[in-house]
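*Asks:* Input structure.pdb, format and content: PDB, N, CA and C atoms.
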```
ATOM      1  N   MET Z   1       7.638   4.429  -1.280  1.00  0.00           N
ATOM      2  CA  MET Z   1       7.786   4.348   0.153  1.00  0.00           C
ATOM      3  C   MET Z   1       8.704   3.176   0.482  1.00  0.00           C
ATOM      4  N   LYS Z   2       9.662   3.413   1.338  1.00  0.00           N
ATOM      5  CA  LYS Z   2      10.648   2.402   1.706  1.00  0.00           C
ATOM      6  C   LYS Z   2      10.165   1.606   2.913  1.00  0.00           C
ATOM      7  N   ALA Z   3      10.623   0.367   3.020  1.00  0.00           N
ATOM      8  CA  ALA Z   3      10.240  -0.485   4.141  1.00  0.00           C
ATOM      9  C   ALA Z   3      10.713   0.112   5.465  1.00  0.00           C
ATOM     10  N   LYS Z   4      11.857   0.786   5.444  1.00  0.00           N
ATOM     11  CA  LYS Z   4      12.380   1.403   6.656  1.00  0.00           C
ATOM     12  C   LYS Z   4      11.418   2.476   7.171  1.00  0.00           C
ATOM     13  N   GLU Z   5      10.859   3.255   6.255  1.00  0.00           N
ATOM     14  CA  GLU Z   5       9.880   4.274   6.626  1.00  0.00           C
ATOM     15  C   GLU Z   5       8.619   3.635   7.201  1.00  0.00           C
ATOM     16  N   ILE Z   6       8.194   2.538   6.601  1.00  0.00           N
ATOM     17  CA  ILE Z   6       6.976   1.857   7.043  1.00  0.00           C
ATOM     18  C   ILE Z   6       7.162   1.280   8.439  1.00  0.00           C
ATOM     19  N   ARG Z   7       8.343   0.706   8.695  1.00  0.00           N
ATOM     20  CA  ARG Z   7       8.609   0.140  10.022  1.00  0.00           C
ATOM     21  C   ARG Z   7       8.604   1.217  11.106  1.00  0.00           C
ATOM     22  N   GLY Z   8       8.940   2.448  10.748  1.00  0.00           N
ATOM     23  CA  GLY Z   8       8.958   3.547  11.699  1.00  0.00           C
ATOM     24  C   GLY Z   8       7.578   4.099  12.019  1.00  0.00           C
ATOM     25  N   MET Z   9       6.583   3.713  11.241  1.00  0.00           N
ATOM     26  CA  MET Z   9       5.213   4.204  11.456  1.00  0.00           C
ATOM     27  C   MET Z   9       4.544   3.445  12.589  1.00  0.00           C
ATOM     28  N   SER Z  10       3.531   4.063  13.169  1.00  0.00           N
ATOM     29  CA  SER Z  10       2.722   3.362  14.168  1.00  0.00           C
ATOM     30  C   SER Z  10       1.753   2.424  13.445  1.00  0.00           C
ATOM     31  N   ALA Z  11       1.166   1.519  14.185  1.00  0.00           N
ATOM     32  CA  ALA Z  11       0.229   0.564  13.592  1.00  0.00           C
ATOM     33  C   ALA Z  11      -0.972   1.286  12.980  1.00  0.00           C
ATOM     34  N   GLU Z  12      -1.444   2.321  13.666  1.00  0.00           N
ATOM     35  CA  GLU Z  12      -2.590   3.077  13.152  1.00  0.00           C
ATOM     36  C   GLU Z  12      -2.230   3.809  11.865  1.00  0.00           C
ATOM     37  N   ALA Z  13      -1.027   4.355  11.816  1.00  0.00           N
ATOM     38  CA  ALA Z  13      -0.588   5.068  10.622  1.00  0.00           C
ATOM     39  C   ALA Z  13      -0.461   4.112   9.440  1.00  0.00           C
ATOM     40  N   ARG Z  14       0.041   2.905   9.698  1.00  0.00           N
ATOM     41  CA  ARG Z  14       0.142   1.916   8.613  1.00  0.00           C
ATOM     42  C   ARG Z  14      -1.240   1.534   8.106  1.00  0.00           C
ATOM     43  N   THR Z  15      -2.185   1.371   9.021  1.00  0.00           N
ATOM     44  CA  THR Z  15      -3.549   1.016   8.628  1.00  0.00           C
ATOM     45  C   THR Z  15      -4.170   2.122   7.783  1.00  0.00           C
ATOM     46  N   GLU Z  16      -3.997   3.362   8.201  1.00  0.00           N
ATOM     47  CA  GLU Z  16      -4.540   4.484   7.438  1.00  0.00           C
ATOM     48  C   GLU Z  16      -3.860   4.601   6.074  1.00  0.00           C
ATOM     49  N   GLU Z  17      -2.560   4.371   6.043  1.00  0.00           N
ATOM     50  CA  GLU Z  17      -1.813   4.453   4.786  1.00  0.00           C
ATOM     51  C   GLU Z  17      -2.303   3.390   3.797  1.00  0.00           C
ATOM     52  N   ILE Z  18      -2.510   2.175   4.287  1.00  0.00           N
ATOM     53  CA  ILE Z  18      -2.954   1.111   3.383  1.00  0.00           C
ATOM     54  C   ILE Z  18      -4.372   1.375   2.897  1.00  0.00           C
ATOM     55  N   LYS Z  19      -5.222   1.949   3.737  1.00  0.00           N
ATOM     56  CA  LYS Z  19      -6.578   2.301   3.289  1.00  0.00           C
ATOM     57  C   LYS Z  19      -6.521   3.324   2.163  1.00  0.00           C
ATOM     58  N   GLY Z  20      -5.677   4.326   2.330  1.00  0.00           N
ATOM     59  CA  GLY Z  20      -5.534   5.348   1.298  1.00  0.00           C
ATOM     60  C   GLY Z  20      -4.994   4.783  -0.004  1.00  0.00           C
ATOM     61  N   LEU Z  21      -4.003   3.888   0.109  1.00  0.00           N
ATOM     62  CA  LEU Z  21      -3.425   3.286  -1.094  1.00  0.00           C
ATOM     63  C   LEU Z  21      -4.429   2.389  -1.804  1.00  0.00           C
ATOM     64  N   LEU Z  22      -5.221   1.647  -1.049  1.00  0.00           N
ATOM     65  CA  LEU Z  22      -6.233   0.788  -1.662  1.00  0.00           C
ATOM     66  C   LEU Z  22      -7.298   1.618  -2.374  1.00  0.00           C
ATOM     67  N   GLN Z  23      -7.672   2.750  -1.786  1.00  0.00           N
ATOM     68  CA  GLN Z  23      -8.639   3.639  -2.428  1.00  0.00           C
ATOM     69  C   GLN Z  23      -8.060   4.219  -3.719  1.00  0.00           C
ATOM     70  N   GLU Z  24      -6.790   4.617  -3.664  1.00  0.00           N
ATOM     71  CA  GLU Z  24      -6.138   5.158  -4.854  1.00  0.00           C
ATOM     72  C   GLU Z  24      -6.026   4.085  -5.938  1.00  0.00           C
ATOM     73  N   GLN Z  25      -5.722   2.849  -5.531  1.00  0.00           N
ATOM     74  CA  GLN Z  25      -5.630   1.756  -6.492  1.00  0.00           C
ATOM     75  C   GLN Z  25      -6.985   1.527  -7.169  1.00  0.00           C
ATOM     76  N   PHE Z  26      -8.043   1.569  -6.382  1.00  0.00           N
ATOM     77  CA  PHE Z  26      -9.387   1.408  -6.943  1.00  0.00           C
ATOM     78  C   PHE Z  26      -9.678   2.494  -7.972  1.00  0.00           C
ATOM     79  N   ASN Z  27      -9.370   3.737  -7.602  1.00  0.00           N
ATOM     80  CA  ASN Z  27      -9.614   4.854  -8.524  1.00  0.00           C
ATOM     81  C   ASN Z  27      -8.821   4.699  -9.813  1.00  0.00           C
ATOM     82  N   LEU Z  28      -7.570   4.275  -9.711  1.00  0.00           N
ATOM     83  CA  LEU Z  28      -6.751   4.085 -10.912  1.00  0.00           C
ATOM     84  C   LEU Z  28      -7.277   2.940 -11.775  1.00  0.00           C
ATOM     85  N   ARG Z  29      -7.764   1.883 -11.130  1.00  0.00           N
ATOM     86  CA  ARG Z  29      -8.334   0.773 -11.900  1.00  0.00           C
ATOM     87  C   ARG Z  29      -9.572   1.226 -12.670  1.00  0.00           C
ATOM     88  N   MET Z  30     -10.377   2.075 -12.040  1.00  0.00           N
ATOM     89  CA  MET Z  30     -11.567   2.596 -12.728  1.00  0.00           C
ATOM     90  C   MET Z  30     -11.159   3.494 -13.906  1.00  0.00           C
ATOM     91  N   GLN Z  31     -10.121   4.303 -13.710  1.00  0.00           N
ATOM     92  CA  GLN Z  31      -9.625   5.139 -14.806  1.00  0.00           C
ATOM     93  C   GLN Z  31      -9.101   4.284 -15.946  1.00  0.00           C
ATOM     94  N   GLN Z  32      -8.431   3.178 -15.599  1.00  0.00           N
ATOM     95  CA  GLN Z  32      -7.898   2.290 -16.625  1.00  0.00           C
ATOM     96  C   GLN Z  32      -9.035   1.639 -17.405  1.00  0.00           C
ATOM     97  N   ALA Z  33     -10.073   1.243 -16.700  1.00  0.00           N
ATOM     98  CA  ALA Z  33     -11.199   0.578 -17.356  1.00  0.00           C
ATOM     99  C   ALA Z  33     -11.928   1.512 -18.309  1.00  0.00           C
ATOM    100  N   THR Z  34     -11.955   2.798 -17.985  1.00  0.00           N
ATOM    101  CA  THR Z  34     -12.643   3.755 -18.851  1.00  0.00           C
ATOM    102  C   THR Z  34     -11.715   4.394 -19.867  1.00  0.00           C
ATOM    103  N   GLY Z  35     -10.437   4.013 -19.848  1.00  0.00           N
ATOM    104  CA  GLY Z  35      -9.488   4.525 -20.819  1.00  0.00           C
ATOM    105  C   GLY Z  35      -8.960   5.913 -20.496  1.00  0.00           C
ATOM    106  N   GLN Z  36      -9.065   6.346 -19.251  1.00  0.00           N
ATOM    107  CA  GLN Z  36      -8.628   7.683 -18.862  1.00  0.00           C
ATOM    108  C   GLN Z  36      -7.295   7.697 -18.124  1.00  0.00           C
ATOM    109  N   LEU Z  37      -6.696   6.537 -17.907  1.00  0.00           N
ATOM    110  CA  LEU Z  37      -5.463   6.450 -17.130  1.00  0.00           C
ATOM    111  C   LEU Z  37      -4.278   6.952 -17.955  1.00  0.00           C
ATOM    112  N   ALA Z  38      -3.614   7.975 -17.441  1.00  0.00           N
ATOM    113  CA  ALA Z  38      -2.485   8.565 -18.159  1.00  0.00           C
ATOM    114  C   ALA Z  38      -1.169   7.887 -17.795  1.00  0.00           C
ATOM    115  N   ASN Z  39      -0.984   7.533 -16.529  1.00  0.00           N
ATOM    116  CA  ASN Z  39       0.281   6.964 -16.054  1.00  0.00           C
ATOM    117  C   ASN Z  39       0.033   5.536 -15.568  1.00  0.00           C
ATOM    118  N   SER Z  40       0.161   4.563 -16.440  1.00  0.00           N
ATOM    119  CA  SER Z  40      -0.153   3.182 -16.096  1.00  0.00           C
ATOM    120  C   SER Z  40       0.874   2.561 -15.149  1.00  0.00           C
ATOM    121  N   SER Z  41       2.078   3.116 -15.073  1.00  0.00           N
ATOM    122  CA  SER Z  41       3.085   2.547 -14.175  1.00  0.00           C
ATOM    123  C   SER Z  41       2.741   2.796 -12.708  1.00  0.00           C
ATOM    124  N   ARG Z  42       1.873   3.754 -12.452  1.00  0.00           N
ATOM    125  CA  ARG Z  42       1.484   4.060 -11.071  1.00  0.00           C
ATOM    126  C   ARG Z  42       0.766   2.867 -10.431  1.00  0.00           C
ATOM    127  N   LEU Z  43       0.035   2.090 -11.218  1.00  0.00           N
ATOM    128  CA  LEU Z  43      -0.656   0.910 -10.678  1.00  0.00           C
ATOM    129  C   LEU Z  43       0.339  -0.095 -10.104  1.00  0.00           C
ATOM    130  N   GLY Z  44       1.399  -0.369 -10.816  1.00  0.00           N
ATOM    131  CA  GLY Z  44       2.404  -1.310 -10.341  1.00  0.00           C
ATOM    132  C   GLY Z  44       3.101  -0.815  -9.085  1.00  0.00           C
ATOM    133  N   LYS Z  45       3.400   0.481  -9.036  1.00  0.00           N
ATOM    134  CA  LYS Z  45       4.041   1.054  -7.858  1.00  0.00           C
ATOM    135  C   LYS Z  45       3.132   0.968  -6.644  1.00  0.00           C
ATOM    136  N   LEU Z  46       1.851   1.209  -6.853  1.00  0.00           N
ATOM    137  CA  LEU Z  46       0.884   1.103  -5.755  1.00  0.00           C
ATOM    138  C   LEU Z  46       0.813  -0.325  -5.228  1.00  0.00           C
ATOM    139  N   ARG Z  47       0.775  -1.291  -6.143  1.00  0.00           N
ATOM    140  CA  ARG Z  47       0.714  -2.691  -5.729  1.00  0.00           C
ATOM    141  C   ARG Z  47       1.920  -3.069  -4.877  1.00  0.00           C
ATOM    142  N   ARG Z  48       3.095  -2.594  -5.268  1.00  0.00           N
ATOM    143  CA  ARG Z  48       4.310  -2.893  -4.500  1.00  0.00           C
ATOM    144  C   ARG Z  48       4.284  -2.204  -3.139  1.00  0.00           C
ATOM    145  N   ASP Z  49       3.796  -0.967  -3.089  1.00  0.00           N
ATOM    146  CA  ASP Z  49       3.701  -0.263  -1.808  1.00  0.00           C
ATOM    147  C   ASP Z  49       2.730  -0.970  -0.862  1.00  0.00           C
ATOM    148  N   ILE Z  50       1.604  -1.406  -1.392  1.00  0.00           N
ATOM    149  CA  ILE Z  50       0.625  -2.137  -0.583  1.00  0.00           C
ATOM    150  C   ILE Z  50       1.240  -3.430  -0.065  1.00  0.00           C
ATOM    151  N   ALA Z  51       1.954  -4.135  -0.919  1.00  0.00           N
ATOM    152  CA  ALA Z  51       2.597  -5.387  -0.510  1.00  0.00           C
ATOM    153  C   ALA Z  51       3.646  -5.131   0.573  1.00  0.00           C
ATOM    154  N   ARG Z  52       4.408  -4.039   0.441  1.00  0.00           N
ATOM    155  CA  ARG Z  52       5.411  -3.700   1.461  1.00  0.00           C
ATOM    156  C   ARG Z  52       4.762  -3.456   2.813  1.00  0.00           C
ATOM    157  N   ILE Z  53       3.688  -2.687   2.811  1.00  0.00           N
ATOM    158  CA  ILE Z  53       3.010  -2.383   4.078  1.00  0.00           C
ATOM    159  C   ILE Z  53       2.445  -3.659   4.693  1.00  0.00           C
ATOM    160  N   ARG Z  54       1.817  -4.487   3.883  1.00  0.00           N
ATOM    161  CA  ARG Z  54       1.255  -5.740   4.410  1.00  0.00           C
ATOM    162  C   ARG Z  54       2.350  -6.656   4.942  1.00  0.00           C
ATOM    163  N   THR Z  55       3.495  -6.683   4.277  1.00  0.00           N
ATOM    164  CA  THR Z  55       4.613  -7.501   4.739  1.00  0.00           C
ATOM    165  C   THR Z  55       5.088  -7.032   6.103  1.00  0.00           C
ATOM    166  N   VAL Z  56       5.260  -5.733   6.267  1.00  0.00           N
ATOM    167  CA  VAL Z  56       5.708  -5.192   7.553  1.00  0.00           C
ATOM    168  C   VAL Z  56       4.663  -5.455   8.634  1.00  0.00           C
ATOM    169  N   MET Z  57       3.388  -5.319   8.281  1.00  0.00           N
ATOM    170  CA  MET Z  57       2.329  -5.583   9.260  1.00  0.00           C
ATOM    171  C   MET Z  57       2.376  -7.043   9.706  1.00  0.00           C
ATOM    172  N   ASN Z  58       2.603  -7.956   8.762  1.00  0.00           N
ATOM    173  CA  ASN Z  58       2.695  -9.369   9.115  1.00  0.00           C
ATOM    174  C   ASN Z  58       3.939  -9.656   9.948  1.00  0.00           C
ATOM    175  N   GLU Z  59       5.045  -8.998   9.631  1.00  0.00           N
ATOM    176  CA  GLU Z  59       6.275  -9.169  10.421  1.00  0.00           C
ATOM    177  C   GLU Z  59       6.030  -8.738  11.869  1.00  0.00           C
ATOM    178  N   LYS Z  60       5.385  -7.581  12.039  1.00  0.00           N
ATOM    179  CA  LYS Z  60       5.111  -7.061  13.376  1.00  0.00           C
ATOM    180  C   LYS Z  60       4.180  -7.996  14.137  1.00  0.00           C
ATOM    181  N   GLU Z  61       3.220  -8.580  13.438  1.00  0.00           N
ATOM    182  CA  GLU Z  61       2.263  -9.493  14.066  1.00  0.00           C
ATOM    183  C   GLU Z  61       2.982 -10.757  14.545  1.00  0.00           C
ATOM    184  N   VAL Z  62       3.865 -11.300  13.724  1.00  0.00           N
ATOM    185  CA  VAL Z  62       4.582 -12.523  14.075  1.00  0.00           C
ATOM    186  C   VAL Z  62       5.513 -12.270  15.253  1.00  0.00           C
ATOM    187  N   VAL Z  63       6.222 -11.168  15.228  1.00  0.00           N
ATOM    188  CA  VAL Z  63       7.149 -10.839  16.304  1.00  0.00           C
ATOM    189  C   VAL Z  63       6.375 -10.606  17.612  1.00  0.00           C
ATOM    190  N   GLY Z  64       5.217 -10.006  17.506  1.00  0.00           N
ATOM    191  CA  GLY Z  64       4.401  -9.744  18.699  1.00  0.00           C
ATOM    192  C   GLY Z  64       3.853 -11.012  19.330  1.00  0.00           C
ATOM    193  N   ASN Z  65       3.658 -12.060  18.541  1.00  0.00           N
ATOM    194  CA  ASN Z  65       3.085 -13.303  19.046  1.00  0.00           C
ATOM    195  C   ASN Z  65       4.110 -14.244  19.655  1.00  0.00           C
ATOM    196  N   GLU Z  66       5.383 -14.010  19.433  1.00  0.00           N
ATOM    197  CA  GLU Z  66       6.406 -14.923  19.958  1.00  0.00           C
ATOM    198  C   GLU Z  66       6.685 -14.647  21.400  1.00  0.00           C
TER
END
```
Render the structure in this file as structure tokens.

*Replies:*
Amino acid sequence: MKAKEIRGMSAEARTEEIKGLLQEQFNLRMQQATGQLANSSRLGKLRRDIARIRTVMNEKEVVGNE
């Protein structure tokens, strides 16, 4: 997911997206712990997507407060 796409989302959509990504990250971590994870690179991609969304959310918050 690109930052440009995230900026185009509504605040509610970003919140729902991050909830879904966090749930998926949890599930992948559990698969990794039990040795069932087939695609380990997906964890890193999820972490970056979560960080992108949080960054955009923080940018919007700062701009809104000025």

*Asks:* Going by the chain IDs and residue numbers used in this file, which residues fall under the PyMOL selection byres (((chain Z and resi 50 and name CA) around 10) and name CA)? Write them as a PyMOL selection string.

*Replies:* chain Z and resi 1+17-22+25+44-49+51-55

*Asks:* In Å, how far is it from atom N of Z:Ala13 to atom CA of Z:Asn27?

*Replies:*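 Interatomic distance, atom N of Z:Ala13 to atom CA of Z:Asn27: 22.1 Å.
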
*Asks:* Distance atom CA of Z:Leu43-atom CA of Z:Phe26, one decimal place?

*Replies:*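 Distance reported for this atom pair: 9.5 Å.
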
*Asks:* Please identify the alpha helix (DSSP H) residues within chain Z (assignment by DSSP from backbone atoms) and present them as a PyMOL selection string.

*Replies:* chain Z and resi 3-7+11-33+41-65

*Asks:* Any idea what's packed within 9 Å of stretch 57-65 of chain Z, counting only C-alpha atoms, ignoring anything in its chain fewer than 5 positions away? Could you give it as a PyMOL selection string?

*Replies:* chain Z and resi 7+11+14-15+52

*Asks:* Have a look at atom CA of Z:Arg29 and atom CA of Z:Arg42 and let me know their distance in Å, one decimal.

*Replies:* 10.4 Å

*Asks:* Excluding same-chain residues fewer than 4 positions from Z:Lys4, what lies within 10 Å of it counting only C-alpha atoms, as a list in words?

*Replies:* Gly8, Met9 and Val56 of chain Z

*Asks:* Assuming 5 Å of padding per side, give the centre and edge lengths of the axis-aligned box around every listed atom of stretch 47-65 of chain Z, in Å to one decimal and as AutoDock Vina command-line options.

*Replies:*
```
--center_x 3.9 --center_y -7.3 --center_z 6.8 --size_x 16.5 --size_y 24.0 --size_z 35.8
```
